[in-house]
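*Asks:* Quick one, run-v1.json (JSON, C-alpha atoms):
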```json
[["chain", "number", "residue", "atom", "x", "y", "z"],
["A", 1, "ALA", "CA", 175.19, 89.59, 90.77],
["A", 2, "GLY", "CA", 176.31, 91.02, 94.12],
["A", 3, "ALA", "CA", 172.93, 90.34, 95.75],
["A", 4, "ARG", "CA", 172.90, 86.79, 94.40],
["A", 5, "ARG", "CA", 176.42, 86.19, 95.76],
["A", 6, "ALA", "CA", 175.39, 87.52, 99.16],
["A", 7, "ARG", "CA", 172.45, 85.10, 99.29],
["A", 8, "GLU", "CA", 174.76, 82.21, 98.34],
["A", 9, "VAL", "CA", 177.10, 83.09, 101.22],
["A", 10, "LEU", "CA", 174.45, 83.85, 103.84],
["A", 11, "GLN", "CA", 172.04, 80.97, 103.15],
["A", 12, "PRO", "CA", 174.46, 78.19, 104.26],
["A", 13, "ILE", "CA", 175.29, 80.19, 107.40],
["A", 14, "HIS", "CA", 171.57, 80.61, 108.09],
["A", 15, "MET", "CA", 170.94, 76.88, 107.66],
["A", 16, "ARG", "CA", 173.92, 75.96, 109.91],
["A", 17, "LEU", "CA", 172.57, 78.27, 112.60],
["A", 18, "LEU", "CA", 169.19, 76.55, 112.43],
["A", 19, "ARG", "CA", 170.70, 73.03, 112.53],
["A", 20, "GLY", "CA", 173.47, 73.38, 115.10],
["A", 21, "GLY", "CA", 173.97, 76.96, 116.17],
["A", 22, "THR", "CA", 173.68, 78.34, 119.64],
["A", 23, "VAL", "CA", 170.32, 78.77, 121.32],
["A", 24, "ALA", "CA", 170.74, 82.55, 121.14],
["A", 25, "ALA", "CA", 171.46, 82.40, 117.41],
["A", 26, "ARG", "CA", 168.48, 80.17, 116.73],
["A", 27, "ARG", "CA", 166.27, 82.46, 118.80],
["A", 28, "ALA", "CA", 167.52, 85.48, 116.83],
["A", 29, "VAL", "CA", 166.71, 83.77, 113.54],
["A", 30, "GLY", "CA", 163.26, 82.85, 114.82],
["A", 31, "LEU", "CA", 162.57, 86.42, 115.87],
["A", 32, "GLN", "CA", 163.63, 87.67, 112.43],
["A", 33, "GLN", "CA", 161.28, 85.20, 110.74],
["A", 34, "ARG", "CA", 158.36, 86.15, 112.99],
["A", 35, "SER", "CA", 159.09, 89.84, 112.45],
["A", 36, "ALA", "CA", 159.08, 89.37, 108.69],
["A", 37, "SER", "CA", 155.84, 87.39, 108.89],
["A", 38, "THR", "CA", 154.22, 90.08, 111.06],
["A", 39, "SER", "CA", 155.33, 92.81, 108.66],
["A", 40, "ALA", "CA", 153.89, 90.90, 105.70],
["A", 41, "ALA", "CA", 150.58, 90.35, 107.53],
["A", 42, "ALA", "CA", 150.41, 94.03, 108.43],
["A", 43, "ALA", "CA", 151.08, 95.04, 104.83],
["A", 44, "LEU", "CA", 148.32, 92.72, 103.59],
["A", 45, "ALA", "CA", 145.90, 93.90, 106.30],
["A", 46, "SER", "CA", 146.36, 97.53, 105.29],
["A", 47, "ARG", "CA", 145.28, 96.64, 101.76],
["A", 48, "ASP", "CA", 142.02, 95.30, 103.20],
["A", 49, "ARG", "CA", 140.81, 98.82, 104.04],
["A", 50, "PHE", "CA", 138.95, 100.91, 101.49],
["A", 51, "ASP", "CA", 140.52, 104.26, 102.36],
["A", 52, "VAL", "CA", 143.99, 102.95, 101.47],
["A", 53, "ARG", "CA", 142.87, 101.53, 98.12],
["A", 54, "HIS", "CA", 140.71, 104.49, 97.15],
["A", 55, "LEU", "CA", 142.26, 106.57, 94.38],
["A", 56, "GLY", "CA", 140.93, 109.93, 95.47],
["A", 57, "PRO", "CA", 142.41, 113.43, 95.28],
["A", 58, "ARG", "CA", 145.78, 114.03, 96.93],
["A", 59, "GLU", "CA", 146.40, 116.55, 99.71],
["A", 60, "ALA", "CA", 147.75, 119.06, 97.18],
["A", 61, "ASP", "CA", 144.60, 118.60, 95.11],
["A", 62, "HIS", "CA", 142.46, 119.22, 98.20],
["A", 63, "ALA", "CA", 144.28, 122.45, 98.98],
["A", 64, "GLU", "CA", 144.00, 123.67, 95.38],
["A", 65, "MET", "CA", 140.26, 122.99, 95.18],
["A", 66, "LEU", "CA", 139.56, 124.58, 98.56],
["A", 67, "ALA", "CA", 141.54, 127.68, 97.55],
["A", 68, "ALA", "CA", 139.61, 127.89, 94.28],
["A", 69, "ILE", "CA", 136.26, 128.12, 96.12],
["A", 70, "GLY", "CA", 137.56, 130.41, 98.87],
["A", 71, "VAL", "CA", 137.59, 128.20, 101.97],
["A", 72, "SER", "CA", 140.46, 126.99, 104.10],
["A", 73, "SER", "CA", 139.29, 123.51, 105.08],
["A", 74, "MET", "CA", 136.70, 120.79, 104.49],
["A", 75, "GLU", "CA", 135.17, 121.67, 107.85],
["A", 76, "GLU", "CA", 134.64, 125.27, 106.77],
["A", 77, "LEU", "CA", 133.14, 124.08, 103.48],
["A", 78, "THR", "CA", 130.74, 121.80, 105.36],
["A", 79, "THR", "CA", 129.71, 124.57, 107.78],
["A", 80, "LYS", "CA", 129.01, 127.00, 104.93],
["A", 81, "THR", "CA", 127.13, 124.39, 102.88],
["A", 82, "VAL", "CA", 124.98, 122.42, 105.33],
["A", 83, "PRO", "CA", 122.19, 124.35, 107.17],
["A", 84, "SER", "CA", 123.00, 124.69, 110.87],
["A", 85, "ASN", "CA", 119.68, 123.15, 111.96],
["A", 86, "ILE", "CA", 120.62, 119.79, 110.43],
["A", 87, "LEU", "CA", 124.41, 119.93, 110.85],
["A", 88, "LEU", "CA", 125.67, 117.48, 113.49],
["A", 89, "SER", "CA", 127.57, 119.50, 116.10],
["A", 90, "ARG", "CA", 129.44, 116.54, 117.57],
["A", 91, "PRO", "CA", 131.59, 113.75, 116.11],
["A", 92, "LEU", "CA", 129.57, 110.97, 114.51],
["A", 93, "ASP", "CA", 129.31, 108.14, 117.04],
["A", 94, "LEU", "CA", 128.88, 104.72, 115.48],
["A", 95, "GLY", "CA", 129.86, 102.88, 118.64],
["A", 96, "PRO", "CA", 132.26, 100.00, 117.99],
["A", 97, "TYR", "CA", 132.15, 100.78, 114.25],
["A", 98, "SER", "CA", 133.46, 104.35, 114.61],
["A", 99, "PRO", "CA", 137.11, 103.46, 113.81],
["A", 100, "GLY", "CA", 135.93, 101.74, 110.65],
["A", 101, "LEU", "CA", 136.23, 98.11, 109.59],
["A", 102, "SER", "CA", 138.36, 96.37, 107.03],
["A", 103, "GLU", "CA", 136.55, 94.54, 104.23],
["A", 104, "THR", "CA", 137.14, 91.16, 105.87],
["A", 105, "ASP", "CA", 135.96, 92.37, 109.28],
["A", 106, "ALA", "CA", 132.89, 94.04, 107.76],
["A", 107, "LEU", "CA", 131.87, 90.84, 105.97],
["A", 108, "GLU", "CA", 132.30, 88.82, 109.17],
["A", 109, "GLU", "CA", 130.23, 91.34, 111.13],
["A", 110, "LEU", "CA", 127.46, 91.30, 108.51],
["A", 111, "ARG", "CA", 127.36, 87.49, 108.64],
["A", 112, "ARG", "CA", 127.10, 87.66, 112.43],
["A", 113, "LEU", "CA", 124.23, 90.13, 112.27],
["A", 114, "VAL", "CA", 122.17, 88.13, 109.77],
["A", 115, "GLU", "CA", 122.86, 84.71, 111.28],
["A", 116, "PRO", "CA", 119.90, 84.89, 113.76],
["A", 117, "ASN", "CA", 117.48, 85.63, 110.90],
["A", 118, "LYS", "CA", 115.08, 82.92, 109.84],
["A", 119, "VAL", "CA", 114.06, 82.80, 106.18],
["A", 120, "MET", "CA", 110.30, 82.23, 106.08],
["A", 121, "ARG", "CA", 107.81, 82.02, 103.26],
["A", 122, "SER", "CA", 106.71, 85.55, 102.36],
["A", 123, "MET", "CA", 102.97, 86.13, 102.39],
["A", 124, "LEU", "CA", 103.26, 89.87, 101.87],
["A", 125, "GLY", "CA", 102.26, 89.85, 98.22],
["A", 126, "MET", "CA", 102.18, 93.20, 96.42],
["A", 127, "GLY", "CA", 105.05, 92.13, 94.16],
["A", 128, "TYR", "CA", 107.38, 91.12, 97.00],
["A", 129, "HIS", "CA", 108.39, 87.49, 96.59],
["A", 130, "ASP", "CA", 111.41, 85.24, 96.46],
["A", 131, "CYS", "CA", 113.13, 84.47, 93.18],
["A", 132, "LYS", "CA", 115.67, 82.03, 91.82],
["A", 133, "THR", "CA", 118.79, 83.58, 90.30],
["A", 134, "PRO", "CA", 120.67, 81.11, 88.04],
["A", 135, "ALA", "CA", 124.23, 80.54, 89.25],
["A", 136, "VAL", "CA", 125.64, 81.55, 85.88],
["A", 137, "ILE", "CA", 123.93, 84.98, 86.18],
["A", 138, "LEU", "CA", 124.97, 85.39, 89.80],
["A", 139, "ARG", "CA", 128.60, 84.49, 89.10],
["A", 140, "ASN", "CA", 129.14, 86.22, 85.75],
["A", 141, "VAL", "CA", 126.97, 89.33, 86.18],
["A", 142, "LEU", "CA", 126.00, 90.23, 89.76],
["A", 143, "GLU", "CA", 129.35, 89.15, 91.25],
["A", 144, "ASN", "CA", 131.47, 90.36, 88.32],
["A", 145, "PRO", "CA", 132.98, 93.81, 89.05],
["A", 146, "GLY", "CA", 133.31, 94.40, 85.33],
["A", 147, "TRP", "CA", 129.56, 95.00, 85.24],
["A", 148, "TYR", "CA", 129.49, 97.80, 87.77],
["A", 149, "THR", "CA", 132.91, 99.47, 88.03],
["A", 150, "GLN", "CA", 133.84, 100.48, 84.48],
["A", 151, "TYR", "CA", 132.33, 103.93, 84.08],
["A", 152, "THR", "CA", 131.79, 105.59, 80.75],
["A", 153, "PRO", "CA", 132.84, 109.17, 79.99],
["A", 154, "TYR", "CA", 129.54, 109.97, 78.27],
["A", 155, "GLN", "CA", 127.22, 108.42, 80.90],
["A", 156, "PRO", "CA", 128.80, 109.25, 84.26],
["A", 157, "GLU", "CA", 125.88, 108.14, 86.41],
["A", 158, "VAL", "CA", 125.88, 104.50, 85.25],
["A", 159, "SER", "CA", 128.61, 101.98, 84.46],
["A", 160, "GLN", "CA", 129.28, 100.54, 81.03],
["A", 161, "GLY", "CA", 128.43, 97.09, 82.33],
["A", 162, "ARG", "CA", 125.01, 98.21, 83.53],
["A", 163, "LEU", "CA", 124.30, 99.88, 80.20],
["A", 164, "GLU", "CA", 125.09, 96.60, 78.47],
["A", 165, "SER", "CA", 122.94, 94.60, 80.87],
["A", 166, "LEU", "CA", 120.05, 97.06, 80.37],
["A", 167, "MET", "CA", 120.34, 96.62, 76.62],
["A", 168, "ASN", "CA", 120.19, 92.83, 77.04],
["A", 169, "PHE", "CA", 117.26, 93.22, 79.43],
["A", 170, "GLN", "CA", 115.20, 95.38, 77.08],
["A", 171, "THR", "CA", 115.94, 92.98, 74.22],
["A", 172, "MET", "CA", 114.51, 90.17, 76.36],
["A", 173, "VAL", "CA", 111.47, 92.32, 77.19],
["A", 174, "SER", "CA", 110.92, 92.90, 73.48],
["A", 175, "ASP", "CA", 111.02, 89.13, 72.89],
["A", 176, "LEU", "CA", 108.62, 88.37, 75.75],
["A", 177, "THR", "CA", 106.08, 91.06, 74.86],
["A", 178, "ALA", "CA", 106.39, 90.75, 71.05],
["A", 179, "MET", "CA", 106.59, 94.55, 70.87],
["A", 180, "GLU", "CA", 108.45, 96.26, 68.05],
["A", 181, "MET", "CA", 110.16, 98.69, 70.42],
["A", 182, "CYS", "CA", 110.86, 98.86, 74.14],
["A", 183, "ASN", "CA", 112.79, 100.93, 76.63],
["A", 184, "SER", "CA", 114.50, 99.80, 79.83],
["A", 185, "SER", "CA", 114.00, 101.95, 82.90],
["A", 186, "LEU", "CA", 116.98, 102.59, 85.15],
["A", 187, "LEU", "CA", 114.73, 102.51, 88.20],
["A", 188, "ASP", "CA", 111.99, 100.40, 89.77],
["A", 189, "GLU", "CA", 108.59, 99.20, 88.55],
["A", 190, "ALA", "CA", 106.69, 102.05, 90.21],
["A", 191, "THR", "CA", 108.85, 104.68, 88.52],
["A", 192, "ALA", "CA", 108.56, 102.88, 85.19],
["A", 193, "ALA", "CA", 104.76, 102.97, 85.54],
["A", 194, "ALA", "CA", 104.90, 106.71, 86.24],
["A", 195, "GLU", "CA", 107.11, 107.15, 83.16],
["A", 196, "ALA", "CA", 104.55, 105.24, 81.08],
["A", 197, "MET", "CA", 101.77, 107.51, 82.35],
["A", 198, "ALA", "CA", 103.82, 110.63, 81.53],
["A", 199, "MET", "CA", 104.57, 109.35, 78.03],
["A", 200, "ILE", "CA", 100.89, 108.52, 77.39],
["A", 201, "TYR", "CA", 99.83, 111.92, 78.66],
["A", 202, "GLY", "CA", 102.43, 113.70, 76.55],
["A", 203, "ALA", "CA", 101.11, 112.06, 73.38],
["A", 204, "ALA", "CA", 97.42, 112.55, 74.21],
["A", 205, "SER", "CA", 96.97, 116.16, 73.02],
["A", 206, "GLY", "CA", 95.59, 117.68, 76.20],
["A", 207, "LYS", "CA", 93.67, 114.72, 77.62],
["A", 208, "GLY", "CA", 94.39, 114.85, 81.35],
["A", 209, "ILE", "CA", 92.65, 111.86, 82.96],
["A", 210, "PHE", "CA", 94.51, 108.62, 83.72],
["A", 211, "PHE", "CA", 92.80, 105.49, 85.08],
["A", 212, "VAL", "CA", 94.56, 103.19, 87.57],
["A", 213, "ASP", "CA", 93.05, 99.83, 88.47],
["A", 214, "GLN", "CA", 92.53, 99.22, 92.19],
["A", 215, "ARG", "CA", 94.55, 95.99, 91.95],
["A", 216, "VAL", "CA", 97.79, 97.80, 91.06],
["A", 217, "HIS", "CA", 100.51, 97.52, 93.73],
["A", 218, "PRO", "CA", 100.03, 100.27, 96.36],
["A", 219, "GLN", "CA", 103.65, 101.46, 96.07],
["A", 220, "THR", "CA", 103.15, 101.86, 92.30],
["A", 221, "LYS", "CA", 99.92, 103.82, 92.76],
["A", 222, "ALA", "CA", 101.66, 106.14, 95.21],
["A", 223, "VAL", "CA", 104.46, 106.99, 92.78],
["A", 224, "VAL", "CA", 101.99, 107.43, 89.90],
["A", 225, "ARG", "CA", 99.92, 109.90, 91.95],
["A", 226, "THR", "CA", 103.01, 111.88, 92.94],
["A", 227, "ARG", "CA", 104.18, 112.13, 89.33],
["A", 228, "ALA", "CA", 100.65, 113.02, 88.18],
["A", 229, "GLU", "CA", 100.58, 116.07, 90.46],
["A", 230, "GLY", "CA", 103.60, 117.54, 88.73],
["A", 231, "HIS", "CA", 102.06, 117.06, 85.29],
["A", 232, "GLY", "CA", 98.57, 118.20, 86.25],
["A", 233, "ILE", "CA", 97.09, 114.77, 85.51],
["A", 234, "THR", "CA", 93.89, 113.63, 87.24],
["A", 235, "VAL", "CA", 94.22, 110.04, 88.47],
["A", 236, "VAL", "CA", 91.00, 108.02, 88.68],
["A", 237, "GLU", "CA", 91.11, 104.73, 90.59],
["A", 238, "GLY", "CA", 88.55, 101.95, 90.23],
["A", 239, "ASP", "CA", 87.74, 98.44, 89.02],
["A", 240, "TYR", "CA", 88.88, 97.82, 85.44],
["A", 241, "ALA", "CA", 86.04, 95.32, 84.94],
["A", 242, "THR", "CA", 83.32, 97.95, 85.51],
["A", 243, "TYR", "CA", 85.10, 101.12, 84.39],
["A", 244, "THR", "CA", 83.66, 103.04, 81.46],
["A", 245, "PRO", "CA", 86.08, 105.35, 79.59],
["A", 246, "GLN", "CA", 85.23, 109.00, 80.19],
["A", 247, "GLU", "CA", 85.82, 112.20, 78.27],
["A", 248, "GLY", "CA", 89.42, 113.36, 78.47],
["A", 249, "LEU", "CA", 90.84, 109.90, 79.24],
["A", 250, "CYS", "CA", 94.39, 109.49, 77.95],
["A", 251, "GLY", "CA", 95.26, 106.05, 79.29],
["A", 252, "ALA", "CA", 95.05, 103.37, 81.97],
["A", 253, "LEU", "CA", 97.31, 101.20, 84.11],
["A", 254, "VAL", "CA", 96.68, 97.60, 85.19],
["A", 255, "GLN", "CA", 98.77, 95.00, 87.06],
["A", 256, "TYR", "CA", 99.59, 91.45, 85.89],
["A", 257, "PRO", "CA", 99.37, 89.41, 88.05],
["A", 258, "ALA", "CA", 97.34, 91.73, 90.30],
["A", 259, "THR", "CA", 98.63, 92.83, 93.70],
["A", 260, "ASP", "CA", 96.56, 90.10, 95.38],
["A", 261, "GLY", "CA", 98.01, 87.45, 93.05],
["A", 262, "ALA", "CA", 94.95, 87.21, 90.80],
["A", 263, "VAL", "CA", 95.62, 86.31, 87.16],
["A", 264, "LEU", "CA", 93.22, 88.39, 85.07],
["A", 265, "SER", "CA", 92.62, 88.71, 81.34],
["A", 266, "TYR", "CA", 92.77, 92.31, 80.17],
["A", 267, "GLY", "CA", 92.00, 91.65, 76.50],
["A", 268, "ASP", "CA", 88.48, 93.11, 76.50],
["A", 269, "PHE", "CA", 89.60, 96.06, 78.63],
["A", 270, "ALA", "CA", 92.44, 96.81, 76.20],
["A", 271, "ASP", "CA", 89.97, 96.83, 73.29],
["A", 272, "LYS", "CA", 87.72, 99.20, 75.25],
["A", 273, "MET", "CA", 90.64, 101.59, 75.92],
["A", 274, "HIS", "CA", 91.76, 101.58, 72.30],
["A", 275, "ALA", "CA", 88.21, 102.18, 71.06],
["A", 276, "ALA", "CA", 88.09, 105.27, 73.29],
["A", 277, "GLY", "CA", 91.37, 106.55, 71.85],
["A", 278, "ALA", "CA", 93.31, 105.78, 75.04],
["A", 279, "LYS", "CA", 96.48, 103.78, 75.68],
["A", 280, "LEU", "CA", 96.88, 100.88, 78.11],
["A", 281, "ALA", "CA", 100.00, 100.34, 80.24],
["A", 282, "VAL", "CA", 100.55, 96.97, 81.93],
["A", 283, "ALA", "CA", 102.89, 96.51, 84.91],
["A", 284, "ALA", "CA", 103.73, 92.86, 84.32],
["A", 285, "ASP", "CA", 105.90, 90.36, 86.12],
["A", 286, "LEU", "CA", 108.25, 89.12, 83.40],
["A", 287, "LEU", "CA", 108.19, 85.52, 84.55],
["A", 288, "SER", "CA", 104.42, 85.54, 84.31],
["A", 289, "LEU", "CA", 104.76, 86.31, 80.61],
["A", 290, "THR", "CA", 106.62, 83.04, 80.15],
["A", 291, "LYS", "CA", 104.33, 80.87, 82.34],
["A", 292, "LEU", "CA", 100.84, 82.34, 81.86],
["A", 293, "THR", "CA", 98.81, 82.88, 78.72]]
```
In C-alpha cells, what does this structure look like?
*Replies:*
Amino acid sequence: AGARRAREVLQPIHMRLLRGGTVAARRAVGLQQRSASTSAAAALASRDRFDVRHLGPREADHAEMLAAIGVSSMEELTTKTVPSNILLSRPLDLGPYSPGLSETDALEELRRLVEPNKVMRSMLGMGYHDCKTPAVILRNVLENPGWYTQYTPYQPEVSQGRLESLMNFQTMVSDLTAMEMCNSSLLDEATAAAEAMAMIYGAASGKGIFFVDQRVHPQTKAVVRTRAEGHGITVVEGDYATYTPQEGLCGALVQYPATDGAVLSYGDFADKMHAAGAKLAVAADLLSLTKLT
C-alpha cells in the first residue's frame, strides 16, 4: 500500500516536470530514463552469454572436488593430466574472438563468414549430396530444444529426444525394408556398415572372410577395414558381379545406389551369398528405397 501511495504522489510530479518544469529538472528526468534503459539493456545483454546461463558447479564445489583429488587449482590439475609435449604453454590466442562472443554476436559473425560462399551443385558423389528437409521436421525436431537437451538418467550420453527420434527412425527403416527387426545406429553410415560386418562375423562360427564390393563408398570401406583389423577379419574387395564365394566367407557388403551413382540389382548376388551360407549387408540410401525398385 505504501509503495502504491508513493507512486500516486510521485507520478503527477514527474509528469508536471516533463510538461512545464525547469530545463534542469527535465534534463534530470531524461538522464534517469536513459540510465534505466541502459541498465535494462546491460542486464539483457549479460543473459546473452553462455557462461552466465550455464548451471555448472559453484566455487565451493570446485574447491571441494579439487581437494578430494589432491590438487590446489584447475591449472595444477591440467598440468598433471595433460602430457607436457602437447600442453600449450601460453594463453590460447583466438585473435578478436579471445574475449568470447555473446550468442547474438556469434550468430552475426557466422552469417558474415558464410555470406561470401556460393552454393553450387555438388558433383562429388560418394554419398555426399543435397537434401530437402521438410519445414515441419526442421521446425519441430531439428530446431526444437526438447529433442536434444532433456537428458535421461539411464542413458547419459544421449538425450531423451534423440532416443525417441531414433526409435521413430528405425520404425521407418523397418517399414521401408520390410524387415521384421531393425536397429538404429547412433553414428554414421560407415560405422553402421562396420557394425553389420562385426555382427555377421560374430554369428558365422569362425568364418573370417568378408567381401566388400568396389563400388562401396571409400569412407565406408576405410572404416570397415579398420574395424576388421581389430576382429581379425580378412577383407576382400572386388566386383560383386564376378565374385565367387570362397571358403570361409561370412558375408558381403554392397552399396545402393553405388558410390558412382549406378543403380544395380543385387538380387542374384544375394541368392549366391545365401547359397554359400553367407549374409549380405546393403548400405542403402533410404530415399532410394522409396523411389527405386
*Asks:* Compare A:Ala278, A:Val119, A:Leu107, A:Leu176 by their minimum atom-to-atom distance to A:Ile209, counting all atoms listed in the file, and give me the closest one.
*Replies:*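 Ranked by minimum distance to A:Ile209, first place goes to A:Ala278.
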*Asks:* Quick check, in Å to one decimal: how far apart do atom CA of A:Cys250 and atom CA of A:Lys279 lie?
*Replies:*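 Pair atom CA of A:Cys250 / atom CA of A:Lys279 returns 6.5 Å.
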*Asks:* Tell me which protein, DNA and RNA residues are within 9 Å of A:Cys182, counting all atoms listed in the file, leaving out same-chain ones fewer than 2 positions away, and put them as a PyMOL selection string.
*Replies:* chain A and resi 170-171+173-174+179-180+184
*Asks:* Compile the contact shell of stretch 222-229 of chain A as a list of chain:residue names: residues with an atom at most 8 Å away, counting all atoms listed in the file, same-chain residues fewer than 3 positions apart removed.
*Replies:*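 In the requested form, the answer reads A:Ala190, A:Thr191, A:Ala193, A:Ala194, A:Met197, A:Ala198, A:Pro218, A:Gln219, A:Gly232, A:Ile233, A:Thr234, A:Val235.
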*Asks:* Using only C-alpha atoms, can you tell me which of A:Ser165, A:Gln160, A:Asn85, A:Thr259 comes closest to A:Ala283?
*Replies:* A:Thr259
*Asks:* For A:Glu247, which of A:Ser102, A:Ala276, A:Leu94, A:Val114 is the closest residue, counting all atoms listed in the file?
*Replies:* A:Ala276
*Asks:* Show me, as JSON, numbers by chain, the residues that have an atom within 10 Å of A:Asp48 when counting all atoms listed in the file, minus same-chain residues fewer than 6 positions from it.
*Replies:* {"A": [42, 101, 102, 103, 104, 105]}
*Asks:* Take stretch 224-232 of chain A, bring it up to all heavy atoms, and give me the output as a short mmCIF file (atom, residue, chain, number, x, y, z; two decimals), in the coordinates of the input.
*Replies:*
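Listed below is the output, rebuild.cif:
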```
data_model
loop_
_atom_site.label_atom_id
_atom_site.label_comp_id
_atom_site.auth_asym_id
_atom_site.auth_seq_id
_atom_site.Cartn_x
_atom_site.Cartn_y
_atom_site.Cartn_z
N VAL A 224 102.76 106.90 91.03
CA VAL A 224 101.99 107.43 89.90
C VAL A 224 101.25 108.71 90.31
O VAL A 224 101.23 109.70 89.57
CB VAL A 224 101.00 106.36 89.38
CG1 VAL A 224 99.95 106.99 88.46
CG2 VAL A 224 101.76 105.27 88.65
N ARG A 225 100.64 108.71 91.49
CA ARG A 225 99.92 109.90 91.95
C ARG A 225 100.86 111.08 92.16
O ARG A 225 100.54 112.23 91.83
CB ARG A 225 99.16 109.58 93.24
CG ARG A 225 97.96 108.67 93.04
CD ARG A 225 97.17 108.51 94.33
NE ARG A 225 96.00 107.65 94.14
CZ ARG A 225 94.85 108.07 93.64
NH1 ARG A 225 94.71 109.35 93.29
NH2 ARG A 225 93.83 107.24 93.50
N THR A 226 102.04 110.80 92.72
CA THR A 226 103.01 111.88 92.94
C THR A 226 103.46 112.48 91.61
O THR A 226 103.54 113.71 91.46
CB THR A 226 104.23 111.35 93.72
OG1 THR A 226 103.80 110.83 94.98
CG2 THR A 226 105.24 112.45 93.94
N ARG A 227 103.76 111.63 90.65
CA ARG A 227 104.18 112.13 89.33
C ARG A 227 103.04 112.87 88.64
O ARG A 227 103.26 113.87 87.96
CB ARG A 227 104.65 110.95 88.46
CG ARG A 227 105.13 111.35 87.08
CD ARG A 227 106.46 112.08 87.13
NE ARG A 227 107.50 111.21 87.64
CZ ARG A 227 108.21 110.36 86.88
NH1 ARG A 227 107.97 110.30 85.57
NH2 ARG A 227 109.14 109.60 87.41
N ALA A 228 101.80 112.40 88.82
CA ALA A 228 100.65 113.02 88.18
C ALA A 228 100.46 114.46 88.66
O ALA A 228 100.07 115.34 87.89
CB ALA A 228 99.39 112.20 88.46
N GLU A 229 100.74 114.72 89.94
CA GLU A 229 100.58 116.07 90.46
C GLU A 229 101.46 117.07 89.72
O GLU A 229 101.04 118.18 89.39
CB GLU A 229 100.92 116.09 91.96
CG GLU A 229 99.89 115.39 92.83
CD GLU A 229 100.27 115.46 94.31
OE1 GLU A 229 101.24 116.20 94.63
OE2 GLU A 229 99.63 114.78 95.13
N GLY A 230 102.69 116.66 89.42
CA GLY A 230 103.60 117.54 88.73
C GLY A 230 103.19 117.83 87.30
O GLY A 230 103.49 118.90 86.76
N HIS A 231 102.50 116.89 86.68
CA HIS A 231 102.06 117.06 85.29
C HIS A 231 100.65 117.63 85.18
O HIS A 231 100.19 117.93 84.08
CB HIS A 231 102.10 115.71 84.55
CG HIS A 231 103.49 115.23 84.23
ND1 HIS A 231 104.22 115.72 83.18
CD2 HIS A 231 104.27 114.32 84.84
CE1 HIS A 231 105.39 115.13 83.13
NE2 HIS A 231 105.46 114.26 84.13
N GLY A 232 99.96 117.74 86.31
CA GLY A 232 98.57 118.20 86.25
C GLY A 232 97.61 117.15 85.74
O GLY A 232 96.57 117.47 85.16
#
```
